Each structure stands twice: as structure tokens, then as C-alpha cells.
>>> print(open('my_file-v6.cif').read())   # mmCIF, C-alpha atoms and all ligand atoms
data_start
loop_
_atom_site.group_PDB
_atom_site.id
_atom_site.type_symbol
_atom_site.label_atom_id
_atom_site.label_comp_id
_atom_site.auth_asym_id
_atom_site.auth_seq_id
_atom_site.Cartn_x
_atom_site.Cartn_y
_atom_site.Cartn_z
ATOM 1 C CA MET A 1 -137.291 -15.325 -37.863
ATOM 2 C CA THR A 2 -133.994 -15.162 -35.976
ATOM 3 C CA GLN A 3 -133.970 -14.331 -32.315
ATOM 4 C CA PRO A 4 -131.133 -13.107 -30.112
ATOM 5 C CA ALA A 5 -129.683 -15.730 -27.782
ATOM 6 C CA ASP A 6 -131.139 -13.948 -24.759
ATOM 7 C CA ALA A 7 -134.645 -13.464 -26.244
ATOM 8 C CA ALA A 8 -136.348 -15.448 -23.469
ATOM 9 C CA ALA A 9 -134.515 -13.518 -20.775
ATOM 10 C CA ARG A 10 -135.500 -10.169 -22.335
ATOM 11 C CA ARG A 11 -139.142 -11.234 -22.556
ATOM 12 C CA ALA A 12 -139.091 -12.425 -18.948
ATOM 13 C CA ILE A 13 -138.374 -8.960 -17.558
ATOM 14 C CA ALA A 14 -141.297 -7.973 -15.317
ATOM 15 C CA PRO A 15 -143.355 -4.889 -16.310
ATOM 16 C CA VAL A 16 -143.481 -1.712 -14.269
ATOM 17 C CA ILE A 17 -146.616 0.439 -14.006
ATOM 18 C CA CYS A 18 -146.133 3.598 -16.116
ATOM 19 C CA TYR A 19 -148.106 5.863 -13.822
ATOM 20 C CA PRO A 20 -148.305 4.512 -10.268
ATOM 21 C CA ASN A 21 -151.513 6.227 -9.133
ATOM 22 C CA ASP A 22 -151.007 6.227 -5.383
ATOM 23 C CA THR A 23 -150.174 9.946 -5.562
ATOM 24 C CA LEU A 24 -153.299 10.834 -7.583
ATOM 25 C CA PRO A 25 -155.591 13.147 -5.603
ATOM 26 C CA LYS A 26 -158.256 10.852 -4.155
ATOM 27 C CA PRO A 27 -161.940 11.718 -4.477
ATOM 28 C CA ASP A 28 -163.883 11.834 -1.210
ATOM 29 C CA LEU A 29 -166.259 9.034 -2.201
ATOM 30 C CA ALA A 30 -167.901 8.916 1.246
ATOM 31 C CA LEU A 31 -168.891 12.581 0.895
ATOM 32 C CA TYR A 32 -170.150 12.047 -2.670
ATOM 33 C CA ARG A 33 -172.215 9.025 -1.596
ATOM 34 C CA ARG A 34 -173.815 10.933 1.275
ATOM 35 C CA ALA A 35 -174.700 13.744 -1.132
ATOM 36 C CA LEU A 36 -176.057 11.207 -3.621
ATOM 37 C CA ASP A 37 -178.423 9.806 -0.977
ATOM 38 C CA GLY A 38 -180.372 13.079 -0.862
ATOM 39 C CA VAL A 39 -180.491 13.981 -4.572
ATOM 40 C CA GLN A 40 -183.534 14.928 -6.587
ATOM 41 C CA VAL A 41 -183.880 14.215 -10.287
ATOM 42 C CA THR A 42 -184.142 17.728 -11.720
ATOM 43 C CA SER A 43 -183.906 16.966 -15.435
ATOM 44 C CA VAL A 44 -184.128 13.976 -17.759
ATOM 45 C CA VAL A 45 -182.961 13.717 -21.352
ATOM 46 C CA VAL A 46 -183.086 10.694 -23.625
ATOM 47 C CA ALA A 47 -180.753 9.634 -26.390
ATOM 48 C CA ALA A 48 -182.998 7.986 -28.976
ATOM 49 C CA PRO A 49 -181.619 4.902 -30.735
ATOM 50 C CA ARG A 50 -178.862 5.940 -33.210
ATOM 51 C CA GLU A 51 -179.074 9.538 -31.978
ATOM 52 C CA ALA A 52 -177.338 11.599 -29.303
ATOM 53 C CA CYS A 53 -178.592 13.983 -26.625
ATOM 54 C CA ALA A 54 -176.779 16.842 -24.919
ATOM 55 C CA PHE A 55 -177.099 17.876 -21.274
ATOM 56 C CA ARG A 56 -175.618 20.335 -18.800
ATOM 57 C CA VAL A 57 -174.522 19.473 -15.277
ATOM 58 C CA PRO A 58 -173.457 22.187 -12.804
ATOM 59 C CA ALA A 59 -170.307 21.483 -10.767
ATOM 60 C CA GLY A 60 -171.327 19.733 -7.560
ATOM 61 C CA SER A 61 -174.275 17.893 -9.145
ATOM 62 C CA PHE A 62 -174.501 14.345 -10.473
ATOM 63 C CA PHE A 63 -175.567 12.731 -13.722
ATOM 64 C CA ARG A 64 -176.650 9.155 -14.232
ATOM 65 C CA ILE A 65 -176.734 7.169 -17.481
ATOM 66 C CA VAL A 66 -179.438 4.505 -17.300
ATOM 67 C CA SER A 67 -180.106 1.480 -19.500
ATOM 68 C CA VAL A 68 -183.776 1.375 -20.466
ATOM 69 C CA GLU A 69 -185.746 -1.055 -22.638
ATOM 70 C CA GLY A 70 -182.784 -3.210 -23.675
ATOM 71 C CA PRO A 71 -178.993 -3.644 -23.845
ATOM 72 C CA GLN A 72 -177.417 -0.571 -25.382
ATOM 73 C CA VAL A 73 -173.961 0.986 -25.489
ATOM 74 C CA GLY A 74 -173.402 4.742 -25.153
ATOM 75 C CA ASP A 75 -170.569 6.977 -26.342
ATOM 76 C CA LEU A 76 -169.939 9.840 -23.914
ATOM 77 C CA ASN A 77 -168.203 13.175 -24.579
ATOM 78 C CA LEU A 78 -167.647 15.819 -21.886
ATOM 79 C CA TRP A 79 -166.659 19.472 -22.180
ATOM 80 C CA ASN A 80 -166.155 22.282 -19.695
ATOM 81 C CA ALA A 81 -169.520 24.037 -20.152
ATOM 82 C CA ASN A 82 -167.782 27.440 -19.965
ATOM 83 C CA ASP A 83 -164.836 26.668 -22.283
ATOM 84 C CA LEU A 84 -165.183 23.969 -24.930
ATOM 85 C CA SER A 85 -161.391 23.851 -25.391
ATOM 86 C CA GLU A 86 -161.285 21.851 -22.159
ATOM 87 C CA ARG A 87 -162.582 18.375 -22.869
ATOM 88 C CA PHE A 88 -162.255 14.737 -21.890
ATOM 89 C CA TYR A 89 -158.831 13.189 -22.539
ATOM 90 C CA SER A 90 -159.387 9.482 -23.104
ATOM 91 C CA GLY A 91 -155.705 8.632 -23.631
ATOM 92 C CA LYS A 92 -154.422 10.140 -20.393
ATOM 93 C CA THR A 93 -157.378 8.743 -18.448
ATOM 94 C CA ARG A 94 -156.388 5.297 -19.778
ATOM 95 C CA ALA A 95 -152.755 5.869 -18.774
ATOM 96 C CA LEU A 96 -153.780 6.898 -15.256
ATOM 97 C CA HIS A 97 -156.532 4.382 -14.479
ATOM 98 C CA GLY A 98 -156.324 1.556 -17.026
ATOM 99 C CA THR A 99 -158.321 0.404 -20.031
ATOM 100 C CA HIS A 100 -161.766 0.377 -18.350
ATOM 101 C CA LEU A 101 -163.234 2.681 -15.702
ATOM 102 C CA THR A 102 -165.325 1.959 -12.626
ATOM 103 C CA THR A 103 -166.314 3.448 -9.260
ATOM 104 C CA GLY A 104 -163.804 5.905 -7.788
ATOM 105 C CA GLU A 105 -162.094 6.539 -11.128
ATOM 106 C CA ARG A 106 -162.283 9.779 -13.019
ATOM 107 C CA MET A 107 -162.590 11.326 -16.450
ATOM 108 C CA TRP A 108 -159.608 13.712 -16.849
ATOM 109 C CA SER A 109 -159.395 16.756 -19.117
ATOM 110 C CA ASN A 110 -156.842 17.572 -21.825
ATOM 111 C CA PHE A 111 -153.746 19.774 -21.584
ATOM 112 C CA PRO A 112 -153.128 22.320 -20.240
ATOM 113 C CA PHE A 113 -155.998 21.691 -17.821
ATOM 114 C CA LEU A 114 -155.489 18.030 -16.787
ATOM 115 C CA ARG A 115 -157.925 17.922 -13.893
ATOM 116 C CA PRO A 116 -160.815 15.627 -13.011
ATOM 117 C CA MET A 117 -163.979 16.559 -14.902
ATOM 118 C CA ALA A 118 -166.198 13.807 -13.481
ATOM 119 C CA THR A 119 -165.843 11.034 -10.899
ATOM 120 C CA ILE A 120 -167.686 7.714 -11.158
ATOM 121 C CA VAL A 121 -169.642 7.184 -7.931
ATOM 122 C CA GLU A 122 -171.836 4.190 -8.874
ATOM 123 C CA ASP A 123 -171.365 1.369 -11.378
ATOM 124 C CA THR A 124 -173.919 -1.448 -11.307
ATOM 125 C CA LEU A 125 -171.683 -3.464 -13.683
ATOM 126 C CA ASP A 126 -168.678 -3.416 -11.345
ATOM 127 C CA TRP A 127 -169.274 -7.149 -10.678
ATOM 128 C CA TYR A 128 -168.195 -7.968 -14.253
ATOM 129 C CA GLY A 129 -164.463 -7.434 -13.774
ATOM 130 C CA PHE A 130 -162.424 -8.978 -16.603
ATOM 131 C CA ASP A 131 -163.805 -12.048 -18.422
ATOM 132 C CA VAL A 132 -161.802 -14.971 -19.854
ATOM 133 C CA TYR A 133 -161.267 -13.086 -23.130
ATOM 134 C CA GLY A 134 -159.766 -10.100 -21.320
ATOM 135 C CA GLY A 135 -162.968 -8.119 -21.895
ATOM 136 C CA SER A 136 -164.411 -5.578 -19.467
ATOM 137 C CA VAL A 137 -166.942 -2.722 -19.513
ATOM 138 C CA HIS A 138 -166.802 1.100 -19.803
ATOM 139 C CA ASP A 139 -163.621 1.343 -21.884
ATOM 140 C CA VAL A 140 -161.354 4.207 -22.776
ATOM 141 C CA ILE A 141 -159.562 2.219 -25.507
ATOM 142 C CA GLY A 142 -161.985 2.626 -28.403
ATOM 143 C CA THR A 143 -162.418 5.980 -30.061
ATOM 144 C CA ARG A 144 -166.017 6.272 -31.306
ATOM 145 C CA CYS A 145 -167.627 4.738 -34.373
ATOM 146 C CA ASP A 146 -167.377 7.211 -37.233
ATOM 147 C CA PRO A 147 -168.291 7.523 -40.913
ATOM 148 C CA TYR A 148 -164.705 8.053 -42.065
ATOM 149 C CA THR A 149 -163.493 4.628 -40.937
ATOM 150 C CA GLY A 150 -166.635 3.074 -42.428
ATOM 151 C CA ASN A 151 -165.861 4.786 -45.698
ATOM 152 C CA LEU A 152 -162.215 3.709 -45.560
ATOM 153 C CA LEU A 153 -163.036 0.048 -44.946
ATOM 154 C CA ALA A 154 -166.325 -0.390 -46.812
ATOM 155 C CA GLY A 155 -166.898 2.678 -48.988
ATOM 156 C CA THR A 156 -170.095 3.565 -47.084
ATOM 157 C CA GLN A 157 -171.851 6.889 -46.426
ATOM 158 C CA TYR A 158 -173.518 6.267 -43.056
ATOM 159 C CA HIS A 159 -174.764 9.219 -40.997
ATOM 160 C CA HIS A 160 -175.686 7.786 -37.587
ATOM 161 C CA CYS A 161 -172.306 6.736 -36.219
ATOM 162 C CA CYS A 162 -171.591 8.091 -32.729
ATOM 163 C CA HIS A 163 -169.195 10.675 -34.204
ATOM 164 C CA SER A 164 -171.964 12.206 -36.332
ATOM 165 C CA ASN A 165 -174.581 11.862 -33.580
ATOM 166 C CA LEU A 166 -172.309 13.696 -31.122
ATOM 167 C CA THR A 167 -171.523 16.351 -33.743
ATOM 168 C CA ARG A 168 -175.216 17.091 -34.353
ATOM 169 C CA ALA A 169 -176.008 17.091 -30.612
ATOM 170 C CA LEU A 170 -173.183 19.534 -29.845
ATOM 171 C CA ALA A 171 -174.171 21.799 -32.747
ATOM 172 C CA ASP A 172 -177.788 21.840 -31.488
ATOM 173 C CA ALA A 173 -176.730 22.524 -27.879
ATOM 174 C CA THR A 174 -174.286 25.342 -28.658
ATOM 175 C CA GLY A 175 -175.417 26.865 -31.960
ATOM 176 C CA LEU A 176 -171.989 26.111 -33.449
ATOM 177 C CA PRO A 177 -171.902 25.396 -37.196
ATOM 178 C CA LEU A 178 -171.654 21.670 -37.891
ATOM 179 C CA ALA A 179 -167.979 21.781 -38.973
ATOM 180 C CA GLN A 180 -166.941 23.659 -35.826
ATOM 181 C CA ALA A 181 -168.942 21.312 -33.627
ATOM 182 C CA GLU A 182 -167.318 18.312 -35.315
ATOM 183 C CA ALA A 183 -163.859 19.640 -34.418
ATOM 184 C CA GLN A 184 -164.817 19.557 -30.712
ATOM 185 C CA VAL A 185 -165.941 15.912 -30.727
ATOM 186 C CA HIS A 186 -163.324 13.684 -29.124
ATOM 187 C CA ASP A 187 -162.529 10.117 -28.096
ATOM 188 C CA VAL A 188 -165.212 8.842 -25.761
ATOM 189 C CA LEU A 189 -165.887 6.866 -22.651
ATOM 190 C CA ASN A 190 -167.640 3.784 -24.051
ATOM 191 C CA VAL A 191 -170.413 3.464 -21.475
ATOM 192 C CA PHE A 192 -171.664 -0.132 -20.962
ATOM 193 C CA MET A 193 -169.536 -1.369 -23.895
ATOM 194 C CA CYS A 194 -167.660 -4.660 -23.350
ATOM 195 C CA THR A 195 -164.273 -4.621 -25.059
ATOM 196 C CA GLY A 196 -160.685 -5.747 -24.920
ATOM 197 C CA PHE A 197 -157.730 -6.724 -27.064
ATOM 198 C CA THR A 198 -157.327 -10.237 -28.466
ATOM 199 C CA ARG A 199 -154.477 -12.068 -26.771
ATOM 200 C CA ASP A 200 -152.986 -13.477 -30.007
ATOM 201 C CA THR A 201 -153.132 -10.500 -32.392
ATOM 202 C CA GLY A 202 -153.720 -7.586 -30.009
ATOM 203 C CA GLN A 203 -156.785 -6.472 -32.000
ATOM 204 C CA TYR A 204 -159.546 -4.381 -30.489
ATOM 205 C CA PHE A 205 -162.638 -6.535 -29.930
ATOM 206 C CA MET A 206 -166.173 -6.004 -28.713
ATOM 207 C CA LYS A 207 -168.773 -8.462 -27.440
ATOM 208 C CA ALA A 208 -172.420 -8.245 -26.407
ATOM 209 C CA SER A 209 -172.690 -5.890 -23.446
ATOM 210 C CA PRO A 210 -173.764 -7.432 -20.113
ATOM 211 C CA VAL A 211 -175.896 -4.312 -19.435
ATOM 212 C CA ARG A 212 -179.593 -4.822 -18.701
ATOM 213 C CA PRO A 213 -182.434 -2.333 -18.176
ATOM 214 C CA GLY A 214 -182.005 -0.632 -14.815
ATOM 215 C CA ASP A 215 -178.213 -0.805 -14.873
ATOM 216 C CA HIS A 216 -176.612 2.596 -14.539
ATOM 217 C CA LEU A 217 -173.394 4.534 -14.247
ATOM 218 C CA THR A 218 -173.443 7.637 -12.021
ATOM 219 C CA PHE A 219 -170.964 10.531 -12.147
ATOM 220 C CA PHE A 220 -170.197 13.481 -9.904
ATOM 221 C CA ALA A 221 -169.535 16.677 -11.898
ATOM 222 C CA GLU A 222 -166.268 18.178 -10.636
ATOM 223 C CA ILE A 223 -166.629 21.215 -12.941
ATOM 224 C CA ASP A 224 -169.538 22.723 -14.926
ATOM 225 C CA LEU A 225 -170.121 20.170 -17.659
ATOM 226 C CA LEU A 226 -171.665 20.031 -21.086
ATOM 227 C CA GLY A 227 -172.125 16.375 -21.982
ATOM 228 C CA ALA A 228 -173.266 14.521 -25.079
ATOM 229 C CA LEU A 229 -174.271 10.872 -25.156
ATOM 230 C CA SER A 230 -174.830 8.818 -28.315
ATOM 231 C CA ALA A 231 -176.900 5.624 -28.324
ATOM 232 C CA CYS A 232 -174.471 3.743 -30.578
ATOM 233 C CA PRO A 233 -175.829 2.212 -33.818
ATOM 234 C CA GLY A 234 -174.052 -0.954 -32.645
ATOM 235 C CA GLY A 235 -176.802 -1.504 -30.019
ATOM 236 C CA ASP A 236 -175.276 -3.925 -27.491
ATOM 237 C CA CYS A 237 -172.233 -4.117 -29.819
ATOM 238 C CA GLY A 238 -172.557 -7.908 -30.027
ATOM 239 C CA SER A 239 -172.425 -8.018 -33.828
ATOM 240 C CA ALA A 240 -172.160 -5.003 -36.138
ATOM 241 C CA HIS A 241 -171.859 -1.249 -35.807
ATOM 242 C CA SER A 242 -171.742 1.687 -38.225
ATOM 243 C CA SER A 243 -174.985 0.557 -39.891
ATOM 244 C CA ASP A 244 -178.708 0.136 -39.171
ATOM 245 C CA ALA A 245 -178.272 -3.655 -38.790
ATOM 246 C CA ALA A 246 -178.101 -3.949 -34.977
ATOM 247 C CA ARG A 247 -181.114 -3.747 -32.656
ATOM 248 C CA CYS A 248 -180.872 -0.449 -30.756
ATOM 249 C CA HIS A 249 -182.463 1.011 -27.635
ATOM 250 C CA PRO A 250 -182.603 4.462 -26.051
ATOM 251 C CA LEU A 251 -180.437 5.589 -23.115
ATOM 252 C CA ARG A 252 -181.697 7.906 -20.369
ATOM 253 C CA VAL A 253 -179.616 10.618 -18.713
ATOM 254 C CA GLU A 254 -180.794 11.956 -15.355
ATOM 255 C CA ILE A 255 -179.416 15.149 -13.814
ATOM 256 C CA LEU A 256 -179.359 14.743 -10.026
ATOM 257 C CA THR A 257 -179.225 17.783 -7.741
ATOM 258 C CA PRO A 258 -178.030 17.314 -4.148
ATOM 259 C CA GLN A 259 -179.527 19.086 -1.180
ATOM 260 C CA GLN A 260 -178.044 22.390 -0.105
ATOM 261 C CA ARG A 261 -174.883 22.074 1.982
ATOM 262 C CA ALA A 262 -174.605 18.366 1.118
ATOM 263 C CA LEU A 263 -171.155 19.084 -0.347
ATOM 264 C CA ASP A 264 -169.778 21.329 2.368
ATOM 265 C CA GLY A 265 -166.022 20.837 2.401
ATOM 266 C CA TRP A 266 -165.796 20.112 -1.333
ATOM 267 C CA SER A 267 -164.441 22.563 -3.909
ATOM 268 C CA SER A 268 -164.147 22.322 -7.680
ATOM 269 C CA PRO A 269 -160.581 21.273 -8.646
ATOM 270 C CA PRO A 270 -158.272 23.955 -10.071
ATOM 271 C CA VAL A 271 -156.554 23.545 -13.425
ATOM 272 C CA ASN A 272 -153.150 21.842 -13.475
ATOM 273 C CA ALA A 273 -150.341 23.762 -11.751
ATOM 274 C CA TYR A 274 -147.572 23.223 -14.360
ATOM 275 C CA ASP A 275 -146.144 26.695 -15.156
ATOM 276 C CA ARG A 276 -146.380 26.181 -18.955
ATOM 277 C CA SER A 277 -142.952 27.755 -19.611
ATOM 278 C CA HIS A 278 -141.722 24.495 -21.216
ATOM 279 C CA GLY A 279 -138.246 25.419 -20.041
ATOM 280 C CA VAL A 280 -138.140 28.754 -21.884
ATOM 281 C CA THR A 281 -137.246 31.605 -19.527
ATOM 282 C CA ALA A 282 -138.745 35.020 -20.142
ATOM 283 C CA GLY A 283 -136.567 37.985 -21.258
HETATM 284 ZN ZN ZN A 301 -170.880 4.091 -31.753
#
>>> encode(input="my_file-v6.cif", output="C-alpha cells")
Amino acid sequence: MTQPADAAARRAIAPVICYPNDTLPKPDLALYRRALDGVQVTSVVVAAPREACAFRVPAGSFFRIVSVEGPQVGDLNLWNANDLSERFYSGKTRALHGTHLTTGERMWSNFPFLRPMATIVEDTLDWYGFDVYGGSVHDVIGTRCDPYTGNLLAGTQYHHCCHSNLTRALADATGLPLAQAEAQVHDVLNVFMCTGFTRDTGQYFMKASPVRPGDHLTFFAEIDLLGALSACPGGDCGSAHSSDAARCHPLRVEILTPQQRALDGWSSPPVNAYDRSHGVTAG
């Protein structure tokens, strides 16, 4: 392999952050935390192992994903409950916040909406940081395990990947035919999953999740949400996924309703203000 004479100098150029986020609208975490102090659990749903559950969260309420029984990874999809065409945009969330999310960071919606759908207000795994392999938890770099990739790589027909679990859960929650529900399923937030990219080959890796029963991730709903959470067939994702080989556990989702007036001063964020002309003038 030949290299240009100034190869070392070109590699030595320092990176610049693509999206400096000091101008991102900041969530009022102090207000959210005060509201969280007075919440009542008003609904509980459970994602059974290798299945998904759906849930609705009104704007201004919270939802909490809780590890129960044993280490388990969850794949989370979010939609605007009133318009399924607005949904979580994993790629832009990654560009804005980084590869893994934690307290104070947000799940952003797709174009043309691009607004915060949910804000993380509690993360009991925030102590983990990045390990020596470059791994961390709650990533927005994976997509979701799915039967198509399994079929591509191993010729399998497996029906309990997160993609299929989310598809069935959305179809059940909305009455949509399976094929239409499938088209709404999107790249996920990998809740509790520990992932990164290998330093030598840049390949996506997973390792056993540090999550333990009682750990949880709590979100504030910025808009009316329809959520779906799959208890991944990978279990703690320490070995295999896309099969029944791994030991799996359920995940609990709690809907938390704050006391009246606890969110005085807060309002649901509007959709993005870009004029959508794309440079084409009318007339
Ligand atoms: Zn999965």
C-alpha cells in the first residue's frame, strides 16, 4: 500500500465536532425532577421475554423502563401517538448527542418534525461511562435485531427478533395490518445494551449488559407518545441474538403521572421551524 508523503500530517489533523450542541434547546431538568418526585404509577405493562409491549404516555407524563428478574436488553420505538409519521430518528439523535444516551439527552423525531419526543431524566447506569473496549450503554448505533439479516447471514426463519416483536406490538396497539405496522417500525434506542465499535476493524460489538434488577431508565414525554418495547431475544446480549439460545427476562414499563400543576411553566415543543420551501419560491 503506497501512502502520500504527508500521510502522517493528514492523519494528525484534529477532529471538529459535527454538531456542537451548545445551542440545542436545554431541557429544564430541575423542573422535571421536581415533577418526578410527586408522580404516581398509573399504569404498568410488561414485555415478556422475546416479546414486545406497547404503551401510551400523555405529553407531560413520564415512563420508566425497569429491569426485573435478570439482565435484559430492550429495543425501544417511539411514535407521536396522534400521527405515526412522526417517529424516533436514531441517526440524528446520534449526530446530536453521541453514540450512547444518558440523563439530560433526548430522543429526537424525524423530518420534517425534528423536535424532542422524550428526555431522559434518570439513568441508574450513568456510572458506567465508557469501558476499556470503548463500550457504553443505551446506544443509538445499532438498528434492531431482525429476521432479514438473520436470513441473509444464516438462512434462518426466526420470528422473535425485536423487529418482529415491535411489528406485532404496534399492529395490536393500533389495529394496523401487519405489513403496514412493519413499515412504521424504525431504528431503536437500545435500552440497557452495552455496545461499541472495535478499535481495529470498526465493527459493531456487544457485550453482556451491566444492568441488574432494579436498574431503570426514566423518560419525560415531551409530546403524546405511543411506545413499543421489545425484550430482545439476545437477553443481556452477552453471547447470541436472533435465536432462542440466550437466557431472557421480562422488562417492566411504568407510566408515571405527575401531580397537577407540577409542570407549570412547561409547554410541549413545537415542530421544527424550517419553512420547507427547499429554496423553491412560490409562483
Ligand atoms: Zn433485539
>>> atom_distance(input="my_file-v6.cif", atom1="atom CA of Thr99 of chain A", atom2="atom CA of Thr198 of chain A")
13.6 Å
>>> closest_residue(input="my_file-v6.cif", among="A:Ser209, A:Ser164, A:Thr42, A:Ser243", to="Gly150 of chain A", atoms="all atoms listed in the file")
A:Ser243
>>> residues_around(input="my_file-v6.cif", residues="segment 103-108 of chain A", least_positions_apart="3", cutoff="8 Å", atoms="only C-alpha atoms", output="list of chain:residue names")
A:Pro27, A:Leu29, A:Phe88, A:Tyr89, A:Ser90, A:Lys92, A:Thr93, A:His97, A:Leu114, A:Arg115, A:Pro116, A:Met117, A:Ala118, A:Thr119, A:Ile120, A:Val121, A:Glu122, A:Asp123, A:Asp126
>>> write_last_selection(input="my_file-v6.cif", atoms="C-alpha atoms", output="mmCIF file, in the frame of the given file")
data_model
loop_
_atom_site.group_PDB
_atom_site.id
_atom_site.type_symbol
_atom_site.label_atom_id
_atom_site.label_comp_id
_atom_site.auth_asym_id
_atom_site.auth_seq_id
_atom_site.Cartn_x
_atom_site.Cartn_y
_atom_site.Cartn_z
ATOM 1 C CA PRO A 27 -161.940 11.718 -4.477
ATOM 2 C CA LEU A 29 -166.259 9.034 -2.201
ATOM 3 C CA PHE A 88 -162.255 14.737 -21.890
ATOM 4 C CA TYR A 89 -158.831 13.189 -22.539
ATOM 5 C CA SER A 90 -159.387 9.482 -23.104
ATOM 6 C CA LYS A 92 -154.422 10.140 -20.393
ATOM 7 C CA THR A 93 -157.378 8.743 -18.448
ATOM 8 C CA HIS A 97 -156.532 4.382 -14.479
ATOM 9 C CA LEU A 114 -155.489 18.030 -16.787
ATOM 10 C CA ARG A 115 -157.925 17.922 -13.893
ATOM 11 C CA PRO A 116 -160.815 15.627 -13.011
ATOM 12 C CA MET A 117 -163.979 16.559 -14.902
ATOM 13 C CA ALA A 118 -166.198 13.807 -13.481
ATOM 14 C CA THR A 119 -165.843 11.034 -10.899
ATOM 15 C CA ILE A 120 -167.686 7.714 -11.158
ATOM 16 C CA VAL A 121 -169.642 7.184 -7.931
ATOM 17 C CA GLU A 122 -171.836 4.190 -8.874
ATOM 18 C CA ASP A 123 -171.365 1.369 -11.378
ATOM 19 C CA ASP A 126 -168.678 -3.416 -11.345
#
>>> residues_near_ligand(input="my_file-v6.cif", ligand="ligand ZN 301 (chain A)", cutoff="10 Å", atoms="all atoms listed in the file", output="MDAnalysis selection string")
chainID A and resid 50:51 73:76 142:146 160:166 188 190 193 230:235 237 241:243
>>> resolve_selection(input="my_file-v6.cif", expression="the PyMOL selection byres (((chain A and resi 44) around 8) and not hetatm)", output="list in words")
Val41, Thr42, Ser43, Val45, Val46, Arg252, Val253, Glu254 and Ile255 of chain A
>>> closest_residue(input="my_file-v6.cif", among="A:Asn272, A:Asn80, A:Thr218, A:Gln157", to="Ser67 of chain A", atoms="all atoms listed in the file")
A:Thr218
>>> atom_distance(input="my_file-v6.cif", atom1="atom CA of Lys26 of chain A", atom2="atom CA of Gly135 of chain A")
26.4 Å
>>> resolve_selection(input="my_file-v6.cif", expression="the PyMOL selection byres (((chain A and resi 177-180) around 12) and not hetatm)", output="PDB file with C-alpha atoms, in the coordinates of the input")
ATOM      1  CA  LEU A  84    -165.183  23.969 -24.930  1.00  0.00           C
ATOM      2  CA  SER A  85    -161.391  23.851 -25.391  1.00  0.00           C
ATOM      3  CA  HIS A 163    -169.195  10.675 -34.204  1.00  0.00           C
ATOM      4  CA  SER A 164    -171.964  12.206 -36.332  1.00  0.00           C
ATOM      5  CA  ASN A 165    -174.581  11.862 -33.580  1.00  0.00           C
ATOM      6  CA  LEU A 166    -172.309  13.696 -31.122  1.00  0.00           C
ATOM      7  CA  THR A 167    -171.523  16.351 -33.743  1.00  0.00           C
ATOM      8  CA  ARG A 168    -175.216  17.091 -34.353  1.00  0.00           C
ATOM      9  CA  ALA A 169    -176.008  17.091 -30.612  1.00  0.00           C
ATOM     10  CA  LEU A 170    -173.183  19.534 -29.845  1.00  0.00           C
ATOM     11  CA  ALA A 171    -174.171  21.799 -32.747  1.00  0.00           C
ATOM     12  CA  ASP A 172    -177.788  21.840 -31.488  1.00  0.00           C
ATOM     13  CA  ALA A 173    -176.730  22.524 -27.879  1.00  0.00           C
ATOM     14  CA  THR A 174    -174.286  25.342 -28.658  1.00  0.00           C
ATOM     15  CA  GLY A 175    -175.417  26.865 -31.960  1.00  0.00           C
ATOM     16  CA  LEU A 176    -171.989  26.111 -33.449  1.00  0.00           C
ATOM     17  CA  ALA A 181    -168.942  21.312 -33.627  1.00  0.00           C
ATOM     18  CA  GLU A 182    -167.318  18.312 -35.315  1.00  0.00           C
ATOM     19  CA  ALA A 183    -163.859  19.640 -34.418  1.00  0.00           C
ATOM     20  CA  GLN A 184    -164.817  19.557 -30.712  1.00  0.00           C
ATOM     21  CA  VAL A 185    -165.941  15.912 -30.727  1.00  0.00           C
TER      22      VAL A 185
END
>>> closest_residue(input="my_file-v6.cif", among="A:Gln203, A:Asn110, A:Asn82, A:Thr102", to="Leu226 of chain A", atoms="only C-alpha atoms")
A:Asn82
>>> build_atoms(input="my_file-v6.cif", residues="segment 219-230 of chain A", atoms="N, CA and C atoms", output="CSV table (one decimal), in the frame of the given file")
chain,number,residue,atom,x,y,z
A,219,PHE,N,-172.2,9.7,-12.2
A,219,PHE,CA,-171.0,10.5,-12.1
A,219,PHE,C,-171.2,11.8,-11.3
A,220,PHE,N,-170.2,12.2,-10.6
A,220,PHE,CA,-170.2,13.5,-9.9
A,220,PHE,C,-169.5,14.5,-10.8
A,221,ALA,N,-170.1,15.6,-11.0
A,221,ALA,CA,-169.5,16.7,-11.9
A,221,ALA,C,-168.6,17.5,-11.1
A,222,GLU,N,-167.3,17.4,-11.4
A,222,GLU,CA,-166.3,18.2,-10.6
A,222,GLU,C,-166.2,19.6,-11.1
A,223,ILE,N,-166.6,19.9,-12.4
A,223,ILE,CA,-166.6,21.2,-12.9
A,223,ILE,C,-168.0,21.3,-13.7
A,224,ASP,N,-168.3,22.6,-14.1
A,224,ASP,CA,-169.5,22.7,-14.9
A,224,ASP,C,-169.4,21.9,-16.2
A,225,LEU,N,-170.3,21.1,-16.5
A,225,LEU,CA,-170.1,20.2,-17.7
A,225,LEU,C,-171.2,20.4,-18.7
A,226,LEU,N,-170.8,20.3,-20.0
A,226,LEU,CA,-171.7,20.0,-21.1
A,226,LEU,C,-171.3,18.6,-21.6
A,227,GLY,N,-172.3,17.8,-21.6
A,227,GLY,CA,-172.1,16.4,-22.0
A,227,GLY,C,-172.9,16.1,-23.2
A,228,ALA,N,-172.5,15.1,-24.0
A,228,ALA,CA,-173.3,14.5,-25.1
A,228,ALA,C,-173.1,13.0,-25.0
A,229,LEU,N,-174.3,12.3,-25.2
A,229,LEU,CA,-174.3,10.9,-25.2
A,229,LEU,C,-175.0,10.3,-26.4
A,230,SER,N,-174.3,9.4,-27.1
A,230,SER,CA,-174.8,8.8,-28.3
A,230,SER,C,-175.2,7.4,-28.0
